[in-house]
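query04.pdb (PDB, C-alpha atoms) appears below.
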ATOM      1  CA  GLN T   1      14.908   0.837 -44.611
ATOM      2  CA  SER T   2      12.176  -1.603 -43.701
ATOM      3  CA  GLN T   3      14.286  -3.119 -40.927
ATOM      4  CA  ALA T   4      15.010   0.259 -39.325
ATOM      5  CA  PRO T   5      13.381   0.689 -35.894
ATOM      6  CA  VAL T   6      10.383   2.971 -35.688
ATOM      7  CA  GLU T   7      11.194   5.966 -33.468
ATOM      8  CA  VAL T   8       8.297   7.940 -31.948
ATOM      9  CA  GLU T   9       8.212  11.298 -30.154
ATOM     10  CA  ALA T  10       5.037  12.652 -28.529
ATOM     11  CA  ASP T  11       3.637  14.517 -25.538
ATOM     12  CA  ARG T  12       1.828  11.510 -24.147
ATOM     13  CA  LEU T  13       1.388   7.771 -24.456
ATOM     14  CA  ASP T  14      -1.510   5.742 -23.069
ATOM     15  CA  LEU T  15      -1.043   1.975 -22.880
ATOM     16  CA  ASP T  16      -3.967  -0.274 -22.056
ATOM     17  CA  GLN T  17      -2.411  -3.646 -21.474
ATOM     18  CA  ARG T  18      -5.754  -5.434 -21.314
ATOM     19  CA  ALA T  19      -7.155  -4.001 -24.497
ATOM     20  CA  GLY T  20      -3.697  -4.209 -26.056
ATOM     21  CA  THR T  21      -3.879  -0.637 -27.328
ATOM     22  CA  ALA T  22      -1.174   2.014 -27.361
ATOM     23  CA  VAL T  23      -2.077   5.594 -28.299
ATOM     24  CA  TYR T  24       0.406   8.406 -28.685
ATOM     25  CA  SER T  25      -1.063  11.902 -28.562
ATOM     26  CA  GLY T  26       0.137  15.503 -28.811
ATOM     27  CA  ASN T  27       2.614  16.468 -31.559
ATOM     28  CA  VAL T  28       3.213  12.872 -32.560
ATOM     29  CA  ASP T  29       6.243  12.439 -34.824
ATOM     30  CA  ILE T  30       7.061   8.955 -36.140
ATOM     31  CA  ARG T  31      10.184   8.188 -38.142
ATOM     32  CA  GLN T  32      11.499   5.051 -39.811
ATOM     33  CA  GLY T  33      14.496   5.509 -42.062
ATOM     34  CA  ASN T  34      13.561   8.184 -44.632
ATOM     35  CA  MET T  35       9.847   8.015 -43.811
ATOM     36  CA  GLN T  36       8.148  10.418 -41.409
ATOM     37  CA  LEU T  37       4.519  10.346 -40.200
ATOM     38  CA  ARG T  38       2.950  13.149 -38.110
ATOM     39  CA  GLY T  39      -0.471  13.515 -36.442
ATOM     40  CA  ASN T  40      -2.224  14.795 -33.356
ATOM     41  CA  ARG T  41      -3.023  11.222 -32.369
ATOM     42  CA  VAL T  42      -1.436   7.962 -33.493
ATOM     43  CA  GLU T  43      -2.691   4.571 -32.439
ATOM     44  CA  ILE T  44      -0.114   1.828 -32.861
ATOM     45  CA  GLN T  45      -0.725  -1.903 -33.034
ATOM     46  CA  ARG T  46       1.812  -4.601 -32.333
ATOM     47  CA  ASN T  47       1.931  -8.233 -33.422
ATOM     48  CA  ASP T  48       2.392 -11.211 -31.113
ATOM     49  CA  ALA T  49       6.144 -10.702 -31.201
ATOM     50  CA  GLY T  50       5.648  -7.152 -29.927
ATOM     51  CA  GLU T  51       6.743  -5.632 -33.235
ATOM     52  CA  LEU T  52       4.996  -2.539 -34.601
ATOM     53  CA  SER T  53       2.621  -3.746 -37.298
ATOM     54  CA  ARG T  54       0.371  -0.748 -37.909
ATOM     55  CA  ALA T  55       0.191   2.972 -37.109
ATOM     56  CA  VAL T  56      -3.017   4.952 -37.612
ATOM     57  CA  ALA T  57      -2.469   8.710 -37.574
ATOM     58  CA  THR T  58      -5.336  11.171 -37.312
ATOM     59  CA  GLY T  59      -5.440  14.893 -36.964
ATOM     60  CA  GLU T  60      -6.799  18.001 -38.596
ATOM     61  CA  ARG T  61      -4.792  16.541 -41.411
ATOM     62  CA  ALA T  62      -2.202  13.930 -40.703
ATOM     63  CA  TYR T  63       0.985  14.191 -42.752
ATOM     64  CA  ILE T  64       3.404  11.722 -44.275
ATOM     65  CA  ARG T  65       6.692  12.315 -46.012
ATOM     66  CA  ASN T  66       9.107   9.915 -47.651
ATOM     67  CA  GLN T  67      12.429  10.750 -49.272
ATOM     68  CA  PRO T  68      13.205   7.886 -51.704
ATOM     69  CA  GLU T  69      16.906   7.262 -52.317
ATOM     70  CA  GLY T  70      18.178   9.056 -55.379
ATOM     71  CA  GLN T  71      15.156  11.327 -55.770
ATOM     72  CA  ALA T  72      15.578  15.095 -55.453
ATOM     73  CA  SER T  73      12.209  15.910 -53.899
ATOM     74  CA  PRO T  74      10.316  13.863 -51.307
ATOM     75  CA  MET T  75       6.840  12.355 -51.570
ATOM     76  CA  GLU T  76       4.430  14.238 -49.304
ATOM     77  CA  GLY T  77       0.878  13.250 -48.352
ATOM     78  CA  TRP T  78      -1.952  14.685 -46.267
ATOM     79  CA  ALA T  79      -5.274  13.209 -45.145
ATOM     80  CA  LYS T  80      -7.695  13.123 -42.247
ATOM     81  CA  ARG T  81      -6.480   9.595 -41.561
ATOM     82  CA  ILE T  82      -3.219   7.938 -42.610
ATOM     83  CA  ILE T  83      -2.659   4.229 -42.003
ATOM     84  CA  TYR T  84       0.891   2.905 -42.241
ATOM     85  CA  HIS T  85       1.045  -0.898 -42.746
ATOM     86  CA  VAL T  86       4.584  -1.479 -41.550
ATOM     87  CA  ALA T  87       5.364  -4.976 -42.887
ATOM     88  CA  GLU T  88       3.901  -4.238 -46.334
ATOM     89  CA  ARG T  89       5.481  -0.779 -46.434
ATOM     90  CA  ARG T  90       2.112   0.457 -47.660
ATOM     91  CA  VAL T  91       0.354   3.701 -46.709
ATOM     92  CA  GLU T  92      -3.354   4.480 -46.979
ATOM     93  CA  LEU T  93      -4.409   8.139 -47.028
ATOM     94  CA  ILE T  94      -8.144   8.399 -46.289
ATOM     95  CA  ASP T  95     -10.561  11.399 -46.454
ATOM     96  CA  GLN T  96      -9.408  14.643 -48.053
ATOM     97  CA  ALA T  97      -6.376  12.741 -49.265
ATOM     98  CA  GLU T  98      -3.691  14.540 -51.176
ATOM     99  CA  LEU T  99      -0.283  13.357 -52.356
ATOM    100  CA  THR T 100       2.519  14.991 -54.286
ATOM    101  CA  GLN T 101       5.313  12.995 -55.885
ATOM    102  CA  GLN T 102       7.949  15.083 -57.625
ATOM    103  CA  THR T 103       5.795  17.229 -59.961
ATOM    104  CA  ASP T 104       2.701  14.958 -59.942
ATOM    105  CA  ARG T 105      -0.251  15.625 -57.661
ATOM    106  CA  PHE T 106      -3.104  13.305 -56.616
ATOM    107  CA  GLN T 107      -6.320  14.090 -54.694
ATOM    108  CA  GLY T 108      -9.296  11.951 -53.758
ATOM    109  CA  GLY T 109     -11.159  10.056 -51.075
ATOM    110  CA  ARG T 110      -8.572   7.356 -50.715
ATOM    111  CA  LEU T 111      -4.981   7.096 -51.938
ATOM    112  CA  GLU T 112      -2.645   4.187 -51.512
ATOM    113  CA  TYR T 113       1.123   4.624 -51.677
ATOM    114  CA  PHE T 114       3.671   1.773 -51.846
ATOM    115  CA  ILE T 115       6.799   3.219 -50.290
ATOM    116  CA  ASP T 116       9.475   1.001 -51.796
ATOM    117  CA  GLN T 117       7.957   0.986 -55.328
ATOM    118  CA  GLY T 118       6.838   4.617 -55.228
ATOM    119  CA  VAL T 119       3.492   3.532 -56.749
ATOM    120  CA  VAL T 120       0.268   5.525 -56.091
ATOM    121  CA  GLN T 121      -3.248   4.082 -56.403
ATOM    122  CA  ALA T 122      -6.334   6.301 -56.104
ATOM    123  CA  ARG T 123      -9.994   5.520 -55.262
ATOM    124  CA  SER T 124     -12.950   7.811 -54.659
ATOM    125  CA  ASP T 125     -14.787   5.873 -51.936
ATOM    126  CA  VAL T 126     -14.431   6.907 -48.303
ATOM    127  CA  SER T 127     -15.901   4.442 -45.779
ATOM    128  CA  GLY T 128     -18.704   6.183 -43.919
ATOM    129  CA  GLY T 129     -18.572   9.340 -46.045
ATOM    130  CA  GLU T 130     -19.446  10.868 -49.384
ATOM    131  CA  PRO T 131     -17.291   9.718 -52.327
ATOM    132  CA  GLN T 132     -14.565  12.264 -53.155
ATOM    133  CA  ARG T 133     -13.692  12.546 -56.830
ATOM    134  CA  ILE T 134     -10.167  11.713 -57.903
ATOM    135  CA  ARG T 135      -8.071  14.437 -59.469
ATOM    136  CA  MET T 136      -4.586  13.905 -60.836
ATOM    137  CA  THR T 137      -2.180  16.431 -62.237
ATOM    138  CA  LEU T 138       0.627  14.690 -64.120
ATOM    139  CA  GLN T 139       3.456  16.779 -65.530
ATOM    140  CA  PRO T 140       4.531  15.736 -69.051
ATOM    141  CA  GLU T 141       8.091  14.519 -69.536
ATOM    142  CA  GLN T 142      10.302  17.494 -70.439
TER
ATOM    143  CA  MET D   1      42.840  47.741  62.739
ATOM    144  CA  ARG D   2      40.236  49.804  60.843
ATOM    145  CA  PHE D   3      41.848  48.670  57.549
ATOM    146  CA  TRP D   4      41.201  44.950  58.401
ATOM    147  CA  VAL D   5      37.572  45.581  59.307
ATOM    148  CA  ARG D   6      36.944  47.418  55.991
ATOM    149  CA  LYS D   7      38.707  44.639  54.014
ATOM    150  CA  ARG D   8      36.631  41.907  55.690
ATOM    151  CA  PHE D   9      33.450  43.925  54.952
ATOM    152  CA  TRP D  10      34.228  44.129  51.170
ATOM    153  CA  ILE D  11      35.121  40.421  50.876
ATOM    154  CA  THR D  12      31.860  39.449  52.544
ATOM    155  CA  THR D  13      29.914  41.758  50.220
ATOM    156  CA  LEU D  14      31.641  40.233  47.168
ATOM    157  CA  VAL D  15      30.767  36.656  48.223
ATOM    158  CA  VAL D  16      27.107  37.565  48.834
ATOM    159  CA  VAL D  17      26.816  39.250  45.399
ATOM    160  CA  LEU D  18      28.421  36.231  43.610
ATOM    161  CA  GLY D  19      26.083  33.852  45.432
ATOM    162  CA  GLY D  20      23.106  35.909  44.308
ATOM    163  CA  ILE D  21      24.190  35.791  40.660
ATOM    164  CA  LEU D  22      24.705  32.021  40.767
ATOM    165  CA  ALA D  23      21.316  31.507  42.378
ATOM    166  CA  TRP D  24      19.735  33.690  39.662
ATOM    167  CA  ILE D  25      21.406  31.747  36.790
ATOM    168  CA  ASP D  26      20.892  28.222  38.102
ATOM    169  CA  PRO D  27      17.022  28.154  38.256
ATOM    170  CA  ARG D  28      16.885  29.483  34.701
ATOM    171  CA  GLY D  29      19.128  26.545  33.593
ATOM    172  CA  TYR D  30      16.741  24.000  35.203
ATOM    173  CA  LYS D  31      13.680  25.146  33.054
ATOM    174  CA  ASP D  32      15.529  24.468  29.727
ATOM    175  CA  GLN D  33      15.968  20.861  30.690
ATOM    176  CA  SER D  34      12.154  20.315  30.761
ATOM    177  CA  PHE D  35      10.699  17.210  29.002
ATOM    178  CA  ASN D  36      10.330  17.624  25.065
ATOM    179  CA  PRO D  37       7.488  15.512  23.708
ATOM    180  CA  ASP D  38       8.474  16.126  20.045
ATOM    181  CA  ALA D  39      11.859  14.492  20.456
ATOM    182  CA  ARG D  40      10.138  11.418  21.889
ATOM    183  CA  ALA D  41       7.994  10.988  18.718
ATOM    184  CA  GLN D  42      11.078  10.800  16.452
ATOM    185  CA  GLU D  43      12.535   7.894  18.349
ATOM    186  CA  PRO D  44      12.039   4.594  16.483
ATOM    187  CA  GLY D  45       9.825   2.164  18.313
ATOM    188  CA  HIS D  46      10.936  -1.080  16.597
ATOM    189  CA  VAL D  47      14.086  -1.994  14.715
ATOM    190  CA  LEU D  48      13.900  -5.372  12.977
ATOM    191  CA  GLU D  49      16.391  -7.331  10.917
ATOM    192  CA  ASN D  50      15.300  -9.549   7.979
ATOM    193  CA  ALA D  51      11.679  -8.621   8.404
ATOM    194  CA  GLU D  52       8.540  -9.187   6.348
ATOM    195  CA  MET D  53       5.642  -6.829   6.806
ATOM    196  CA  THR D  54       2.160  -7.297   5.308
ATOM    197  CA  LEU D  55      -0.640  -4.729   5.090
ATOM    198  CA  PHE D  56      -4.295  -5.676   4.831
ATOM    199  CA  GLY D  57      -7.179  -3.474   3.721
ATOM    200  CA  ASP D  58     -10.349  -2.742   5.662
ATOM    201  CA  THR D  59     -12.040  -5.820   4.222
ATOM    202  CA  GLY D  60      -9.096  -8.043   5.128
ATOM    203  CA  THR D  61      -7.738  -8.399   1.609
ATOM    204  CA  ILE D  62      -3.970  -8.282   1.330
ATOM    205  CA  GLN D  63      -2.756  -4.926  -0.034
ATOM    206  CA  GLN D  64       1.026  -4.938   0.024
ATOM    207  CA  SER D  65       3.892  -6.771   1.649
ATOM    208  CA  LEU D  66       7.477  -5.705   2.212
ATOM    209  CA  MET D  67      10.546  -7.880   2.710
ATOM    210  CA  THR D  68      13.642  -6.084   3.939
ATOM    211  CA  PRO D  69      16.959  -6.806   5.650
ATOM    212  CA  ARG D  70      16.358  -3.851   7.987
ATOM    213  CA  LEU D  71      13.103  -2.229   9.104
ATOM    214  CA  VAL D  72      12.745   0.766  11.416
ATOM    215  CA  HIS D  73       9.200   1.578  12.545
ATOM    216  CA  THR D  74       8.176   4.729  14.444
ATOM    217  CA  PRO D  75       4.668   4.120  15.856
ATOM    218  CA  GLN D  76       3.906   7.795  16.681
ATOM    219  CA  THR D  77       4.305   8.809  13.038
ATOM    220  CA  ALA D  78       3.203   5.423  11.603
ATOM    221  CA  MET D  79       6.306   5.600   9.398
ATOM    222  CA  THR D  80       8.342   2.576   8.482
ATOM    223  CA  ASP D  81      11.771   3.001   6.900
ATOM    224  CA  VAL D  82      13.211   0.007   5.063
ATOM    225  CA  THR D  83      16.483  -0.830   3.378
ATOM    226  CA  SER D  84      16.677  -2.718   0.032
ATOM    227  CA  PRO D  85      12.958  -3.409   0.104
ATOM    228  CA  ILE D  86      11.243  -6.059  -2.022
ATOM    229  CA  ALA D  87       7.636  -4.953  -2.178
ATOM    230  CA  THR D  88       4.762  -7.040  -3.511
ATOM    231  CA  LEU D  89       1.772  -4.921  -4.511
ATOM    232  CA  PHE D  90      -1.566  -6.713  -4.858
ATOM    233  CA  ASP D  91      -4.181  -5.323  -7.270
ATOM    234  CA  SER D  92      -7.928  -5.793  -7.063
ATOM    235  CA  GLU D  93      -7.622  -9.267  -8.623
ATOM    236  CA  GLU D  94      -4.747 -10.097  -6.249
ATOM    237  CA  ARG D  95      -2.245 -10.181  -9.108
ATOM    238  CA  GLN D  96       1.212  -9.491  -7.743
ATOM    239  CA  TRP D  97       3.327  -6.569  -8.957
ATOM    240  CA  LEU D  98       6.925  -6.661  -7.769
ATOM    241  CA  ALA D  99       8.756  -3.453  -6.777
ATOM    242  CA  THR D 100      12.336  -3.034  -5.538
ATOM    243  CA  ALA D 101      14.626  -0.092  -4.666
ATOM    244  CA  GLU D 102      17.595   0.933  -2.512
ATOM    245  CA  THR D 103      15.415   2.400   0.247
ATOM    246  CA  GLY D 104      11.743   2.822   1.031
ATOM    247  CA  THR D 105       9.318   4.462   3.416
ATOM    248  CA  LEU D 106       5.808   3.209   4.147
ATOM    249  CA  ASN D 107       3.101   5.064   6.026
ATOM    250  CA  THR D 108       1.085   2.244   7.591
ATOM    251  CA  ASP D 109      -1.877   4.565   8.196
ATOM    252  CA  THR D 110      -2.272   5.872   4.645
ATOM    253  CA  GLN D 111      -0.601   2.915   2.859
ATOM    254  CA  ALA D 112       1.601   5.404   1.009
ATOM    255  CA  LEU D 113       4.790   3.711  -0.143
ATOM    256  CA  THR D 114       7.792   5.582  -1.545
ATOM    257  CA  LEU D 115      10.675   3.701  -3.127
ATOM    258  CA  ALA D 116      13.889   5.598  -3.813
ATOM    259  CA  GLY D 117      17.141   4.788  -5.608
ATOM    260  CA  SER D 118      17.025   2.586  -8.753
ATOM    261  CA  ALA D 119      13.369   1.867  -8.200
ATOM    262  CA  GLN D 120      11.935  -0.890 -10.388
ATOM    263  CA  LEU D 121       8.396  -2.167 -10.936
ATOM    264  CA  LEU D 122       7.584  -5.437 -12.710
ATOM    265  CA  SER D 123       4.088  -6.162 -13.997
ATOM    266  CA  PRO D 124       2.681  -9.610 -13.268
ATOM    267  CA  ASP D 125       1.501 -10.794 -16.660
ATOM    268  CA  GLU D 126       2.299  -8.301 -19.365
ATOM    269  CA  GLY D 127       6.064  -8.830 -19.112
ATOM    270  CA  TRP D 128       7.159  -5.255 -18.825
ATOM    271  CA  GLN D 129       9.593  -3.580 -16.454
ATOM    272  CA  LEU D 130       9.730   0.016 -15.353
ATOM    273  CA  ASN D 131      12.790   1.825 -14.008
ATOM    274  CA  THR D 132      12.895   5.230 -12.313
ATOM    275  CA  GLU D 133      14.669   7.000  -9.454
ATOM    276  CA  LEU D 134      11.681   7.751  -7.201
ATOM    277  CA  LEU D 135       8.484   5.661  -7.304
ATOM    278  CA  HIS D 136       5.375   6.577  -5.304
ATOM    279  CA  TYR D 137       2.519   4.168  -4.645
ATOM    280  CA  ASN D 138      -0.905   4.771  -3.080
ATOM    281  CA  GLY D 139      -1.995   1.409  -1.666
ATOM    282  CA  VAL D 140      -5.598   2.506  -1.329
ATOM    283  CA  THR D 141      -6.193   3.618  -4.936
ATOM    284  CA  ARG D 142      -3.492   1.249  -6.254
ATOM    285  CA  HIS D 143      -1.987   4.039  -8.281
ATOM    286  CA  ALA D 144       1.789   4.238  -8.844
ATOM    287  CA  TRP D 145       3.493   7.314 -10.277
ATOM    288  CA  SER D 146       6.858   8.916 -10.779
ATOM    289  CA  ASP D 147       7.883  12.465 -11.618
ATOM    290  CA  SER D 148      11.445  11.517 -12.423
ATOM    291  CA  LYS D 149      12.877  10.143 -15.667
ATOM    292  CA  THR D 150      11.209   6.833 -16.389
ATOM    293  CA  VAL D 151      12.121   3.960 -18.720
ATOM    294  CA  LEU D 152       9.512   1.342 -19.584
ATOM    295  CA  GLN D 153      10.775  -1.787 -21.293
ATOM    296  CA  GLN D 154       8.538  -4.377 -22.828
ATOM    297  CA  PRO D 155      11.016  -6.128 -25.114
ATOM    298  CA  PRO D 156      11.417  -5.572 -27.962
ATOM    299  CA  GLN D 157      10.075  -2.029 -27.417
ATOM    300  CA  ARG D 158      11.422   0.660 -25.110
ATOM    301  CA  LEU D 159       9.708   3.845 -23.931
ATOM    302  CA  ASP D 160      11.133   6.883 -22.122
ATOM    303  CA  ALA D 161       9.302   9.813 -20.493
ATOM    304  CA  SER D 162       9.592  12.419 -17.751
ATOM    305  CA  ARG D 163       6.487  11.338 -15.902
ATOM    306  CA  MET D 164       4.644   8.040 -15.485
ATOM    307  CA  ASP D 165       1.325   6.905 -14.001
ATOM    308  CA  ILE D 166       0.132   3.320 -13.588
ATOM    309  CA  TRP D 167      -3.254   2.136 -12.423
ATOM    310  CA  LEU D 168      -2.690  -1.434 -11.321
ATOM    311  CA  ASP D 169      -6.314  -2.604 -11.333
ATOM    312  CA  ASP D 170      -6.830  -1.621 -14.975
ATOM    313  CA  SER D 171      -3.267  -2.321 -16.137
ATOM    314  CA  GLN D 172      -3.245   1.174 -17.639
ATOM    315  CA  ILE D 173      -0.015   3.107 -18.100
ATOM    316  CA  ARG D 174       0.291   6.770 -19.014
ATOM    317  CA  LEU D 175       3.605   8.355 -19.961
ATOM    318  CA  THR D 176       3.744  12.136 -20.318
ATOM    319  CA  ASN D 177       6.304  14.865 -21.116
ATOM    320  CA  ASN D 178       9.080  14.101 -23.627
ATOM    321  CA  VAL D 179       7.723  10.682 -24.534
ATOM    322  CA  ARG D 180      10.103   8.690 -26.750
ATOM    323  CA  GLY D 181       9.260   5.252 -28.138
ATOM    324  CA  THR D 182      11.449   2.782 -30.015
ATOM    325  CA  HIS D 183       9.542  -0.036 -31.704
ATOM    326  CA  PRO D 184      11.040  -2.730 -33.928
ATOM    327  CA  PRO D 185       8.999  -2.978 -37.165
ATOM    328  CA  ALA D 186       6.986  -6.006 -38.179
ATOM    329  CA  THR D 187       8.589  -7.486 -41.265
ATOM    330  CA  ARG D 188       6.038 -10.139 -42.166
ATOM    331  CA  SER D 189       2.398  -9.372 -42.954
ATOM    332  CA  PRO D 190      -0.195 -11.001 -40.687
TER
END
Would you mind writing the file out in structure tokens?
Amino acid sequence: QSQAPVEVEADRLDLDQRAGTAVYSGNVDIRQGNMQLRGNRVEIQRNDAGELSRAVATGERAYIRNQPEGQASPMEGWAKRIIYHVAERRVELIDQAELTQQTDRFQGGRLEYFIDQGVVQARSDVSGGEPQRIRMTLQPEQ
Amino acid sequence: MRFWVRKRFWITTLVVVLGGILAWIDPRGYKDQSFNPDARAQEPGHVLENAEMTLFGDTGTIQQSLMTPRLVHTPQTAMTDVTSPIATLFDSEERQWLATAETGTLNTDTQALTLAGSAQLLSPDEGWQLNTELLHYNGVTRHAWSDSKTVLQQPPQRLDASRMDIWLDDSQIRLTNNVRGTHPPATRSP
């Protein structure tokens, strides 16, 4: 999964070679293996080898979805800002963050999701904003 | 005897009438042949083999140069048609962008260059290459664009779109309409 190329579709791409920035905008849809990231605007960063190292998606609420192998329902997440750290396979959901994983549900200022482990970490602080309390709804084992 | 006189009279009349018709047609024919200035303007003024052409701006700075195996220049229209051109485009810092194609036309008055047929543009430093069918370039604003399918390759990434704009001085590229990007993922954390 982690070696799969990152495929992007969008209405527009602006590359500033001097500043080294690349911004996709308009219906941005990013896919890598079973993971999908959507936003109105996604800024991507590349390392010295030209590989995609980070994608920052923003929008009314950016959206991320991941369908782990062997799991019936996908993980879905929403937030004002979603940062995908490609090499670490780690996702940060920031500001009005919400994440559902099977029957469990997490809300707060900042959620962190480790794709390959399926682990969720939650924090209330939001840089530059009011703290947002953490709420978790965990379904008991049947 | 009277029969011969009448016959001679009708033959003479016939010849006079035919002569009149011919006289009437002929002058009309002469006017059509008058001199046509438009045709003269389409005639190429210079045809050169293995030529190199360089354009300078108002302040004397080099703007673009064209190398070509065959150049046809028509002074009245300021149009230059070139075959298999190799164009060097100079930006405001005199960095050199290389453009090639099957054919090209350059308006030496407006510095508008059009490259057609497997057009390709190479950036000087950033190591990317752009391919399209029809590439336009405004030598005054140093803006290149294409409205046909465009592929931008900066290995290891590849980008496709239906329209492309490049501003040479700022090294800014904009792709619009059906933008597709393929980026290899980083596998090691910084």
request  = Would you write out, as a PyMOL selection string, every residue that the PyMOL selection byres ((chain D) within 8 of (chain T)) captures in this file?
outcome  = chain D and resi 126+155-157+170-189
key: range 77-82 of chain D surroundings by all atoms listed in the file, 8 Å radius, close-in-sequence under 2 positions cut, as a PyMOL selection string   = chain D and resi 41-42+68-75+84-85+103-109
request  = Please write as a PyMOL selection string the list of polymer residues whose atoms come within 10 Å of (-2.9, 16.2, -37.9), counting only C-alpha atoms and keeping to the coordinates of the file.
outcome  = chain T and resi 26-28+37-42+57-63+78-82
query = How would you write, as a PyMOL selection string, the residues chosen by the PyMOL selection byres ((chain T and resi 115) around 9) on this structure?
reply = chain T and resi 35+66+68+88-91+113-114+116-119
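Across the structure, CA of Arg110 in chain T and CA of Tyr84 in chain T are spaced 13.5 Å apart.
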As JSON: centre and edge lengths in Å, one decimal, of the axis-aligned box holding range 33-45 of chain T with 5 Å per side:
{"center_x": 5.7, "center_y": 6.4, "center_z": -38.5, "size_x": 27.5, "size_y": 26.7, "size_z": 22.3}
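The two atoms in question, CA of Asn131 in chain D and CA of Thr83 in chain D, are spaced 18.0 Å apart.
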Mind telling me what the PyMOL selection byres ((chain D and resi 52) around 9) catches here, as an mmCIF file with C-alpha atoms, keeping the file's coordinate frame?
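Full text of selection.cif as output:
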data_model
loop_
_atom_site.group_PDB
_atom_site.id
_atom_site.type_symbol
_atom_site.label_atom_id
_atom_site.label_comp_id
_atom_site.auth_asym_id
_atom_site.auth_seq_id
_atom_site.Cartn_x
_atom_site.Cartn_y
_atom_site.Cartn_z
ATOM 1 C CA ASN D 50 15.300 -9.549 7.979
ATOM 2 C CA ALA D 51 11.679 -8.621 8.404
ATOM 3 C CA MET D 53 5.642 -6.829 6.806
ATOM 4 C CA THR D 54 2.160 -7.297 5.308
ATOM 5 C CA SER D 65 3.892 -6.771 1.649
ATOM 6 C CA LEU D 66 7.477 -5.705 2.212
ATOM 7 C CA MET D 67 10.546 -7.880 2.710
ATOM 8 C CA THR D 68 13.642 -6.084 3.939
ATOM 9 C CA PRO D 69 16.959 -6.806 5.650
ATOM 10 C CA LEU D 71 13.103 -2.229 9.104
#
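Between CA of Asp165 in chain D and CA of Val56 in chain T the interatomic distance comes to 24.1 Å.
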message = Every residue with an atom at most 12 Å from (3.5, -4.0, -10.4) (file coordinates; all atoms listed in the file) is what I'm after, so could you write them as a ChimeraX atom specification?
response = /D:64,86-91,94-100,119-131,135-137,139,142-145,165-173
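Candidate residues T:Gln45, T:Gln71, T:Thr137, T:Gln36 were compared for distance to Thr100 in chain T, and the nearest is T:Thr137, using only C-alpha atoms.
Around Leu99 in chain T, within 10 Å and counting all atoms listed in the file, the residues found are T:Tyr63, T:Ile64, T:Arg65, T:Met75, T:Glu76, T:Gly77, T:Trp78, T:Ala79, T:Leu93, T:Ala97, T:Gln101, T:Gln102, T:Asp104, T:Arg105, T:Phe106, T:Gln107, T:Gly108, T:Leu111, T:Glu112, T:Tyr113, T:Val120, T:Met136, once anything fewer than 2 positions away on its own chain is removed.
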File output, range 169-178 of chain D (N, CA, C and O atoms) as a CSV table (one decimal), in the first residue's frame:
chain,number,residue,atom,x,y,z
D,169,ASP,N,9.3,34.2,-16.5
D,169,ASP,CA,10.0,35.0,-15.5
D,169,ASP,C,9.8,34.5,-14.1
D,169,ASP,O,10.8,34.5,-13.3
D,170,ASP,N,8.6,34.1,-13.8
D,170,ASP,CA,8.4,33.7,-12.4
D,170,ASP,C,8.5,32.1,-12.2
D,170,ASP,O,8.3,31.6,-11.1
D,171,SER,N,8.8,31.4,-13.3
D,171,SER,CA,8.8,30.0,-13.3
D,171,SER,C,7.5,29.4,-12.7
D,171,SER,O,7.5,28.5,-11.8
D,172,GLN,N,6.4,30.0,-13.1
D,172,GLN,CA,5.1,29.6,-12.5
D,172,GLN,C,4.3,28.8,-13.7
D,172,GLN,O,4.3,29.2,-14.8
D,173,ILE,N,3.8,27.7,-13.2
D,173,ILE,CA,3.0,26.8,-14.2
D,173,ILE,C,1.6,26.7,-13.7
D,173,ILE,O,1.4,26.5,-12.5
D,174,ARG,N,0.6,26.8,-14.6
D,174,ARG,CA,-0.8,26.5,-14.2
D,174,ARG,C,-1.3,25.5,-15.1
D,174,ARG,O,-1.3,25.7,-16.3
D,175,LEU,N,-1.9,24.4,-14.6
D,175,LEU,CA,-2.5,23.4,-15.4
D,175,LEU,C,-4.0,23.5,-15.0
D,175,LEU,O,-4.4,23.6,-13.9
D,176,THR,N,-4.9,23.5,-16.0
D,176,THR,CA,-6.3,23.5,-15.7
D,176,THR,C,-7.1,22.5,-16.6
D,176,THR,O,-6.6,22.1,-17.7
D,177,ASN,N,-8.3,22.2,-16.1
D,177,ASN,CA,-9.2,21.3,-16.9
D,177,ASN,C,-8.7,19.9,-16.9
D,177,ASN,O,-7.7,19.6,-17.6
D,178,ASN,N,-9.3,19.0,-16.2
D,178,ASN,CA,-9.0,17.5,-16.2
D,178,ASN,C,-7.5,17.4,-15.8
D,178,ASN,O,-6.8,16.7,-16.5
